[in-house]
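Chemist: Structure below; questions to follow.
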Amino acid sequence: MRIRNSALLFLVAVLFFSCDKKRVFDEYKSVGSAWNKDSIVTFNLPELDSTKRYNLFVTLRNNNNYPFNNLFLIVAIERPNGFTKVDTLEYQMANPDGSLMGDGFSDIKESKLFYKEKVRFRGKYKVNIKQAVRENGKVTGVTALEGITDVGFRIEKID
């Protein structure tokens, strides 16, 4: 009986860790209960194989306190030579009925948001992400964005 339970546990562990074969880099950083508009989340990427191409994703964990339908992000990717490419991105975060999009069974949802495809890296890169959400009709941004708890960055290899 004990051997059977150990074998079952081993099988479950193998299945769990082998399901994510595309992942090259996947890291989350907590922003607390609210993401401040001046808070920049930074990821120092590992040196990757320069002969391969990768898909890049911004990943988020949010809860039911997120009050908006969409999300605006400013994502900057800094190359080893100091050149920085900055993109302003918009993502839909809720369905038309107001329910949050993303994966998860509880009120916490994980979203994998497409950023760039077929990227080739040469050296070590840095990624900076900040929120740029604004309320309709207002110029100043939302000072403390409720509902976003973790911000992540993911790199997947292309088969």
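Ordered as shown in the structure tokens, chains take letters A, B, and onward, while each chain numbers its residues from 1 and ligands are numbered from 1 in the order shown.
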Which residues in range 15-146 of chain A does DSSP call strand (DSSP E)? List them as an MDAnalysis selection string.

Modeler: chainID A and resid 23:30 34:36 41:44 54:62 70:78 84:92 109:119 126:131 144:146

Chemist: Can you tell me which residues surround Ser111 in chain A at a distance of at most 12 Å, considering only C-alpha atoms, apart from same-chain residues fewer than 3 positions away, and format the answer as a ChimeraX atom specification?

Modeler: /A:28,57-63,71,91-94,100-104,108,114,148-154

Chemist: Taking into account only C-alpha atoms, which residue in the set A:Ser99, A:Asn44, A:Ser39, A:Ile158 is nearest to Glu27 in chain A?

Modeler: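 Using only C-alpha atoms, Glu27 in chain A sits closest to A:Asn44.
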
Chemist: Find the residue from A:Leu89, A:Glu110, A:Phe121, A:Ser30 that sits nearest to Ile155 in chain A; use only C-alpha atoms when measuring.

Modeler: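 Using only C-alpha atoms, Ile155 in chain A sits closest to A:Phe121.
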
Chemist: Find the residue from A:Gly123, A:Phe105, A:Asn69, A:Leu48 that sits nearest to Gly82 in chain A; use only C-alpha atoms when measuring.

Modeler: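 That would be A:Gly123, the residue with the smallest distance to Gly82 in chain A.
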
Chemist: Hey, what's within 10 Å of Asp38 in chain A if we count only C-alpha atoms and toss same-chain stuff fewer than 4 positions away? As a ChimeraX atom specification, please?

Modeler: /A:130-132,141,143-144

Chemist: Between A:Ile77, A:Glu90, A:Lys112, A:Glu146, which residue has the minimum interatomic distance to Asp26 in chain A, considering only C-alpha atoms?

Modeler: A:Lys112

Chemist: Just give me the gap between CA of Leu113 in chain A and CA of Leu73 in chain A in Å, one decimal is fine.

Modeler: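 If I compute the distance from CA of Leu113 in chain A to CA of Leu73 in chain A, I get 10.9 Å.
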
Chemist: Hey, which of A:Thr88, A:Pro80, A:Lys157, A:Phe43 ends up closest to Lys29 in chain A? Count only C-alpha atoms.

Modeler: A:Phe43
